[in-house]
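Coordinates from start25.cif are shown below (mmCIF, C-alpha atoms).
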data_my_file
loop_
_atom_site.label_atom_id
_atom_site.label_comp_id
_atom_site.auth_asym_id
_atom_site.auth_seq_id
_atom_site.Cartn_x
_atom_site.Cartn_y
_atom_site.Cartn_z
CA MET A 754 -13.17 16.80 -13.91
CA ASN A 755 -12.38 13.65 -11.92
CA LEU A 756 -8.90 12.20 -11.80
CA ALA A 757 -8.94 8.68 -13.27
CA VAL A 758 -6.57 6.22 -11.60
CA GLY A 759 -6.19 2.74 -13.03
CA PHE A 760 -4.67 -0.22 -11.18
CA LEU A 761 -3.89 -3.45 -12.98
CA VAL A 762 -5.10 -6.33 -10.82
CA PHE A 763 -4.23 -9.97 -11.46
CA PRO A 764 -4.05 -13.39 -9.80
CA GLY A 765 -1.17 -13.47 -7.33
CA LEU A 766 -1.15 -9.73 -6.72
CA GLN A 767 0.58 -8.56 -3.52
CA LEU A 768 -2.36 -7.09 -1.64
CA LEU A 769 -0.50 -4.27 0.11
CA ASP A 770 1.01 -3.13 -3.20
CA LEU A 771 -2.54 -2.24 -4.19
CA ALA A 772 -4.11 -1.38 -0.84
CA GLY A 773 -1.47 1.14 0.28
CA PRO A 774 -1.66 3.57 -2.64
CA TYR A 775 -5.37 2.83 -3.17
CA GLU A 776 -6.07 4.22 0.30
CA MET A 777 -4.13 7.38 -0.54
CA PHE A 778 -5.88 8.00 -3.86
CA ALA A 779 -9.33 7.17 -2.46
CA ALA A 780 -8.87 10.01 0.02
CA LEU A 781 -8.95 12.50 -2.86
CA SER A 782 -12.47 13.81 -3.36
CA ASP A 783 -12.13 14.03 -7.14
CA CYS A 784 -10.51 10.63 -7.73
CA GLU A 785 -12.18 7.82 -9.66
CA ILE A 786 -10.40 4.47 -9.24
CA HIS A 787 -10.60 1.63 -11.75
CA LEU A 788 -9.39 -1.94 -11.23
CA PHE A 789 -8.49 -3.45 -14.60
CA TRP A 790 -8.19 -7.12 -15.52
CA LYS A 791 -9.00 -9.40 -18.45
CA THR A 792 -12.40 -10.29 -16.97
CA ARG A 793 -14.64 -9.07 -14.15
CA GLU A 794 -14.42 -12.40 -12.32
CA SER A 795 -12.97 -12.34 -8.81
CA VAL A 796 -9.20 -12.37 -8.47
CA ALA A 797 -7.27 -13.90 -5.56
CA CYS A 798 -4.22 -12.06 -4.29
CA SER A 799 -1.08 -13.93 -3.21
CA THR A 800 -2.44 -14.48 0.32
CA GLY A 801 -5.86 -15.65 -0.85
CA MET A 802 -8.06 -12.59 -0.30
CA ARG A 803 -10.39 -12.11 -3.26
CA PHE A 804 -11.63 -8.92 -4.87
CA TYR A 805 -13.42 -7.95 -8.07
CA PRO A 806 -12.04 -5.97 -11.01
CA THR A 807 -14.30 -3.03 -11.85
CA THR A 808 -13.61 -3.12 -15.59
CA THR A 809 -11.75 -5.07 -18.27
CA LEU A 810 -8.69 -4.20 -20.30
CA ASP A 811 -10.85 -3.70 -23.39
CA GLU A 812 -13.77 -1.86 -21.80
CA GLY A 813 -12.06 0.46 -19.32
CA PRO A 814 -11.35 4.14 -20.00
CA PRO A 815 -8.00 5.84 -20.53
CA VAL A 816 -6.56 6.85 -17.15
CA ASP A 817 -4.61 9.81 -15.87
CA VAL A 818 -2.56 7.63 -13.54
CA LEU A 819 -1.55 4.10 -14.50
CA CYS A 820 -0.34 1.98 -11.59
CA ILE A 821 1.07 -1.54 -11.79
CA PRO A 822 1.33 -3.35 -8.44
CA GLY A 823 3.63 -6.32 -7.98
CA GLY A 824 3.49 -9.75 -6.44
CA ALA A 825 4.27 -13.34 -7.37
CA GLY A 826 1.62 -13.16 -10.08
CA ILE A 827 3.59 -10.56 -12.04
CA ASN A 828 5.70 -13.42 -13.42
CA ALA A 829 2.85 -14.66 -15.59
CA LEU A 830 2.54 -11.21 -17.16
CA LEU A 831 6.15 -10.66 -18.19
CA LEU A 832 5.54 -12.48 -21.48
CA ASP A 833 1.80 -11.69 -21.75
CA GLN A 834 1.44 -9.67 -24.95
CA GLU A 835 -2.19 -8.74 -24.30
CA VAL A 836 -1.40 -7.18 -20.94
CA GLN A 837 1.74 -5.49 -22.20
CA ALA A 838 -0.13 -3.97 -25.16
CA TRP A 839 -2.72 -2.58 -22.75
CA VAL A 840 0.00 -1.11 -20.52
CA GLN A 841 1.62 0.52 -23.55
CA ARG A 842 -1.70 1.99 -24.74
CA GLN A 843 -2.53 3.44 -21.35
CA ALA A 844 1.00 4.81 -20.93
CA MET A 845 0.74 6.77 -24.17
CA THR A 846 -1.87 9.14 -22.73
CA ALA A 847 -1.44 8.85 -18.94
CA GLN A 848 -0.17 11.84 -16.99
CA PHE A 849 1.79 9.50 -14.74
CA VAL A 850 3.01 5.94 -15.37
CA THR A 851 3.75 4.22 -12.08
CA SER A 852 4.44 0.96 -10.29
CA VAL A 853 4.85 -0.48 -6.83
CA CYS A 854 7.34 -3.22 -5.98
CA THR A 855 7.84 -5.75 -8.81
CA GLY A 856 5.18 -4.08 -10.92
CA ALA A 857 8.20 -2.23 -12.32
CA LEU A 858 9.28 -5.44 -14.05
CA LEU A 859 6.11 -5.38 -16.14
CA LEU A 860 6.74 -1.75 -17.08
CA GLY A 861 10.23 -2.82 -18.13
CA ALA A 862 8.95 -5.78 -20.14
CA ALA A 863 6.59 -3.38 -21.91
CA GLY A 864 9.57 -1.24 -22.91
CA LEU A 865 8.68 1.71 -20.68
CA LEU A 866 11.81 1.84 -18.51
CA THR A 867 14.51 2.14 -21.16
CA GLY A 868 17.02 4.76 -20.10
CA ARG A 869 14.94 5.83 -17.12
CA ARG A 870 15.60 5.79 -13.38
CA ALA A 871 13.49 3.29 -11.46
CA THR A 872 13.30 1.14 -8.35
CA THR A 873 11.65 -2.06 -7.18
CA HIS A 874 11.87 -4.65 -4.37
CA TRP A 875 15.48 -5.14 -3.18
CA ARG A 876 15.47 -8.85 -4.05
CA TYR A 877 14.90 -8.14 -7.74
CA HIS A 878 16.37 -4.67 -8.03
CA ASP A 879 19.27 -5.70 -10.26
CA LEU A 880 16.85 -7.16 -12.84
CA LEU A 881 15.77 -3.63 -13.76
CA ALA A 882 19.02 -3.08 -15.64
CA GLU A 883 18.28 -6.15 -17.78
CA LEU A 884 15.10 -4.39 -18.91
CA GLY A 885 16.90 -1.17 -19.86
CA ALA A 886 16.29 0.83 -16.69
CA ILE A 887 18.76 2.75 -14.54
CA PRO A 888 18.29 1.08 -11.12
CA VAL A 889 18.21 3.46 -8.15
CA ARG A 890 18.13 2.20 -4.56
CA GLU A 891 15.58 4.61 -3.14
CA ARG A 892 12.17 4.13 -1.56
CA VAL A 893 10.44 6.13 -4.31
CA VAL A 894 12.04 7.23 -7.58
CA ARG A 895 10.64 9.82 -9.95
CA ASP A 896 11.91 10.30 -13.49
CA GLY A 897 9.64 12.74 -15.28
CA ASN A 898 6.15 11.22 -15.42
CA LEU A 899 7.50 7.83 -14.30
CA ILE A 900 7.20 7.14 -10.57
CA THR A 901 8.24 3.78 -9.13
CA GLY A 902 8.01 2.55 -5.55
CA GLY A 903 10.22 0.00 -3.83
CA GLY A 904 9.06 -3.16 -2.13
CA VAL A 905 5.49 -3.60 -0.82
CA THR A 906 5.26 -1.08 2.05
CA ALA A 907 6.94 1.57 -0.11
CA GLY A 908 3.53 1.81 -1.79
CA MET A 909 2.45 4.08 1.07
CA ASP A 910 5.32 6.50 0.46
CA PHE A 911 4.74 6.18 -3.27
CA GLY A 912 1.06 7.08 -2.84
CA LEU A 913 1.84 10.22 -0.87
CA THR A 914 4.53 11.22 -3.38
CA LEU A 915 2.07 10.90 -6.23
CA VAL A 916 -0.68 12.78 -4.39
CA ALA A 917 1.82 15.60 -3.79
CA ALA A 918 2.72 15.62 -7.49
CA LEU A 919 -0.96 15.80 -8.42
CA ARG A 920 -2.46 18.04 -5.75
CA GLY A 921 0.45 19.58 -3.84
CA GLN A 922 2.30 18.78 -0.62
CA SER A 923 -0.43 20.17 1.62
CA ALA A 924 -2.99 17.71 0.22
CA ALA A 925 -0.57 14.84 0.75
CA GLU A 926 0.14 15.93 4.33
CA GLU A 927 -3.58 16.11 5.10
CA ILE A 928 -4.00 12.52 3.92
CA GLN A 929 -0.93 11.41 5.86
CA LEU A 930 -2.32 12.90 9.04
CA ALA A 931 -5.84 11.57 8.48
CA LEU A 932 -4.42 8.06 8.05
CA GLU A 933 -1.96 8.58 10.94
CA TYR A 934 0.86 7.39 8.73
CA ALA A 935 3.86 7.80 11.05
CA PRO A 936 5.74 4.49 10.83
CA GLU A 937 7.85 3.41 13.80
CA PRO A 938 8.74 -0.23 13.10
CA PRO A 939 9.51 -2.36 16.16
CA PHE A 940 12.54 -3.84 14.41
CA HIS A 941 15.10 -2.52 11.96
CA SER A 942 15.25 -5.32 9.40
CA GLY A 943 13.31 -3.63 6.61
CA ARG A 944 16.31 -3.27 4.31
CA PRO A 945 18.93 -5.88 3.44
CA GLU A 946 21.73 -3.62 4.62
CA ASP A 947 20.09 -3.32 8.04
CA ALA A 948 18.97 -6.91 8.57
CA ASP A 949 20.89 -9.52 10.50
CA GLU A 950 22.84 -11.80 8.18
CA LYS A 951 20.89 -14.86 9.30
CA VAL A 952 17.59 -13.13 8.59
CA LEU A 953 18.85 -12.03 5.19
CA ASP A 954 19.96 -15.55 4.32
CA LYS A 955 16.57 -16.99 5.28
CA VAL A 956 14.67 -14.51 3.11
CA ARG A 957 16.99 -15.16 0.19
CA LEU A 958 16.47 -18.90 0.59
CA LYS A 959 12.68 -18.56 0.75
CA THR A 960 12.62 -16.49 -2.43
CA GLN A 961 15.28 -18.31 -4.44
CA ASN A 962 12.83 -20.20 -6.68
CA LEU A 963 10.84 -17.06 -7.45
CA ARG A 964 14.11 -15.27 -8.10
CA ARG A 965 15.27 -17.90 -10.60
CA GLU A 966 11.94 -17.87 -12.40
CA ARG A 967 12.05 -14.10 -12.70
CA GLU A 968 15.61 -14.16 -13.98
CA ASN A 969 14.54 -16.51 -16.77
CA LEU A 970 11.43 -14.50 -17.63
CA VAL A 971 13.31 -11.21 -17.65
CA ALA A 972 15.91 -12.73 -19.97
CA GLN A 973 13.13 -13.77 -22.35
CA SER A 974 11.41 -10.39 -22.07
CA LYS A 975 14.67 -8.62 -22.83
CA LYS A 976 14.78 -10.30 -26.24
CA ASN A 977 11.49 -8.63 -27.17
CA LEU A 978 12.62 -5.10 -26.32
CA PRO A 979 13.47 -2.67 -29.14
CA GLY A 980 17.14 -2.76 -30.08
CA GLN A 981 17.71 -6.27 -28.74
#
Kindly transcribe the structure held in the file into structure tokens.
Amino acid sequence: MNLAVGFLVFPGLQLLDLAGPYEMFAALSDCEIHLFWKTRESVACSTGMRFYPTTTLDEGPPVDVLCIPGGAGINALLLDQEVQAWVQRQAMTAQFVTSVCTGALLLGAAGLLTGRRATTHWRYHDLLAELGAIPVRERVVRDGNLITGGGVTAGMDFGLTLVAALRGQSAAEEIQLALEYAPEPPFHSGRPEDADEKVLDKVRLKTQNLRRERENLVAQSKKNLPGQ
């Protein structure tokens, strides 16, 4: 029986959040991948590349692995009751509930992170606590059937971690080798604690408006969580 993996796709998606783990799952011979959205019309990611959902929220099947990528477009979904209801329905029967980058914020807004360890992009990591999660600063965090990946490129590590959980370490290592995934970055500025202070300040400045918007949306989402 094929493994059904479902990605939520949406306008403003961060392409690599989807592409990284997609490549890992597509390497499994028994994996069937679905791209869910409200319609089947083309969707533009945050950098403009367009792609087509393969099914809709209403028509698509239950999945074994639910994955929520992140990106600037996740903001519009933090108060979207239709999308959150779909996430909750899929999560009820999925073997694994997962996210990459700021996709974790949508899981939190849907009430799926309460009391559970999770991670996300460093710039928004502290917002997880506002949504009931236990924030953990790691590249990939697993808490039972919940697996969350950090910012953007962590989706590659996340994908391999999930493949190992599903099919064993050997299967994950075969995919890693086939894709020649052996990162050796030319610079060491991939984490805020490693980056030069000037670089860190520039990134914070560039993302300050998005940060403020997310703070406001998370505060509103928090009010809708059980017990609030």
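Relative to atom CA of A:Asp947, atom CA of A:Pro774 is found at 25.2 Å.
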Exercise for the section: Write out as a PyMOL selection string which residues come within 8 Å of stretch 850-856 of chain A when counting only C-alpha atoms, dropping same-chain ones fewer than 6 positions away. Expected result: chain A and resi 770+818-824+827+844+872-874+877+898-905+907-908+911
Contacts of stretch 903-956 of chain A with stretch 780-789 of chain A up to 12 Å, shortest pair per row, all atoms listed in the file, as JSON lines:
{"residue": "A:Gly912", "atom": "CA", "partner": "A:Ala780", "partner_atom": "CA", "distance": 10.7}
{"residue": "A:Leu913", "atom": "CA", "partner": "A:Ala780", "partner_atom": "CA", "distance": 10.7}
{"residue": "A:Leu915", "atom": "CA", "partner": "A:Leu781", "partner_atom": "CA", "distance": 11.6}
{"residue": "A:Val916", "atom": "CA", "partner": "A:Leu781", "partner_atom": "CA", "distance": 8.4}
{"residue": "A:Ala917", "atom": "CA", "partner": "A:Leu781", "partner_atom": "CA", "distance": 11.2}
{"residue": "A:Leu919", "atom": "CA", "partner": "A:Leu781", "partner_atom": "CA", "distance": 10.3}
{"residue": "A:Arg920", "atom": "CA", "partner": "A:Leu781", "partner_atom": "CA", "distance": 9.0}
{"residue": "A:Gly921", "atom": "CA", "partner": "A:Leu781", "partner_atom": "CA", "distance": 11.8}
{"residue": "A:Ala924", "atom": "CA", "partner": "A:Leu781", "partner_atom": "CA", "distance": 8.5}
{"residue": "A:Ala925", "atom": "CA", "partner": "A:Leu781", "partner_atom": "CA", "distance": 9.4}
{"residue": "A:Glu926", "atom": "CA", "partner": "A:Ala780", "partner_atom": "CA", "distance": 11.6}
{"residue": "A:Glu927", "atom": "CA", "partner": "A:Ala780", "partner_atom": "CA", "distance": 9.5}
{"residue": "A:Ile928", "atom": "CA", "partner": "A:Ala780", "partner_atom": "CA", "distance": 6.7}
{"residue": "A:Gln929", "atom": "CA", "partner": "A:Ala780", "partner_atom": "CA", "distance": 10.0}
{"residue": "A:Leu930", "atom": "CA", "partner": "A:Ala780", "partner_atom": "CA", "distance": 11.5}
{"residue": "A:Ala931", "atom": "CA", "partner": "A:Ala780", "partner_atom": "CA", "distance": 9.1}
{"residue": "A:Leu932", "atom": "CA", "partner": "A:Ala780", "partner_atom": "CA", "distance": 9.4}
Exercise for the section: Spell out the residues picked by the PyMOL selection byres ((chain A and resi 766) around 7) here, as number ranges by chain. Expected result: A: 762-765, 767-768, 798-799, 823-826
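Atom CA of A:Leu970 is positioned 27.6 Å from atom CA of A:Thr808.
Here atom CA of A:Gly861 stands at a distance of 9.5 Å from atom CA of A:Leu880.
Among A:Met777, A:Leu958, A:Ala797, A:Ala829, the residue with the shortest atom-to-atom distance to A:Val758, counting only C-alpha atoms, is A:Met777.
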Handout entry: Result set of the PyMOL selection byres ((chain A and resi 964) around 12) on the coordinates above, as a list of chain:residue names
Key = A:Ala825, A:Asn828, A:Thr855, A:His874, A:Trp875, A:Arg876, A:Tyr877, A:His878, A:Asp879, A:Leu880, A:Val956, A:Arg957, A:Leu958, A:Lys959, A:Thr960, A:Gln961, A:Asn962, A:Leu963, A:Arg965, A:Glu966, A:Arg967, A:Glu968, A:Asn969, A:Leu970, A:Val971
Rebuild stretch 754-767 of chain A so that it carries N, CA, C and O atoms, then output the result as a CSV table (one decimal), in the frame of the given file.
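File written: out_14.csv
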chain,number,residue,atom,x,y,z
A,754,MET,N,-13.3,18.1,-13.3
A,754,MET,CA,-13.2,16.8,-13.9
A,754,MET,C,-12.4,15.8,-13.0
A,754,MET,O,-11.4,16.2,-12.4
A,755,ASN,N,-13.0,14.6,-12.8
A,755,ASN,CA,-12.4,13.6,-11.9
A,755,ASN,C,-11.0,13.1,-12.4
A,755,ASN,O,-10.8,13.0,-13.6
A,756,LEU,N,-10.2,12.8,-11.5
A,756,LEU,CA,-8.9,12.2,-11.8
A,756,LEU,C,-9.1,10.7,-11.9
A,756,LEU,O,-9.6,10.1,-11.0
A,757,ALA,N,-8.8,10.1,-13.0
A,757,ALA,CA,-8.9,8.7,-13.3
A,757,ALA,C,-7.6,7.9,-13.0
A,757,ALA,O,-6.6,8.2,-13.6
A,758,VAL,N,-7.7,7.1,-12.0
A,758,VAL,CA,-6.6,6.2,-11.6
A,758,VAL,C,-6.9,4.8,-12.0
A,758,VAL,O,-8.0,4.3,-11.6
A,759,GLY,N,-6.0,4.1,-12.6
A,759,GLY,CA,-6.2,2.7,-13.0
A,759,GLY,C,-5.1,1.8,-12.5
A,759,GLY,O,-3.9,2.0,-12.7
A,760,PHE,N,-5.6,0.8,-11.7
A,760,PHE,CA,-4.7,-0.2,-11.2
A,760,PHE,C,-4.9,-1.5,-12.0
A,760,PHE,O,-6.0,-1.9,-12.3
A,761,LEU,N,-3.8,-2.1,-12.4
A,761,LEU,CA,-3.9,-3.4,-13.0
A,761,LEU,C,-4.0,-4.4,-11.8
A,761,LEU,O,-3.1,-4.4,-10.9
A,762,VAL,N,-5.0,-5.3,-11.8
A,762,VAL,CA,-5.1,-6.3,-10.8
A,762,VAL,C,-5.0,-7.7,-11.5
A,762,VAL,O,-5.4,-7.8,-12.7
A,763,PHE,N,-4.5,-8.7,-10.8
A,763,PHE,CA,-4.2,-10.0,-11.5
A,763,PHE,C,-4.1,-11.0,-10.4
A,763,PHE,O,-3.8,-10.7,-9.2
A,764,PRO,N,-4.2,-12.3,-10.8
A,764,PRO,CA,-4.0,-13.4,-9.8
A,764,PRO,C,-2.6,-13.4,-9.3
A,764,PRO,O,-1.7,-13.2,-10.0
A,765,GLY,N,-2.5,-13.5,-7.9
A,765,GLY,CA,-1.2,-13.5,-7.3
A,765,GLY,C,-0.7,-12.1,-7.0
A,765,GLY,O,0.5,-11.9,-6.7
A,766,LEU,N,-1.5,-11.1,-7.1
A,766,LEU,CA,-1.2,-9.7,-6.7
A,766,LEU,C,-0.8,-9.7,-5.2
A,766,LEU,O,-1.4,-10.3,-4.4
A,767,GLN,N,0.2,-8.8,-4.9
A,767,GLN,CA,0.6,-8.6,-3.5
A,767,GLN,C,-0.4,-7.5,-3.0
A,767,GLN,O,-0.4,-6.4,-3.5
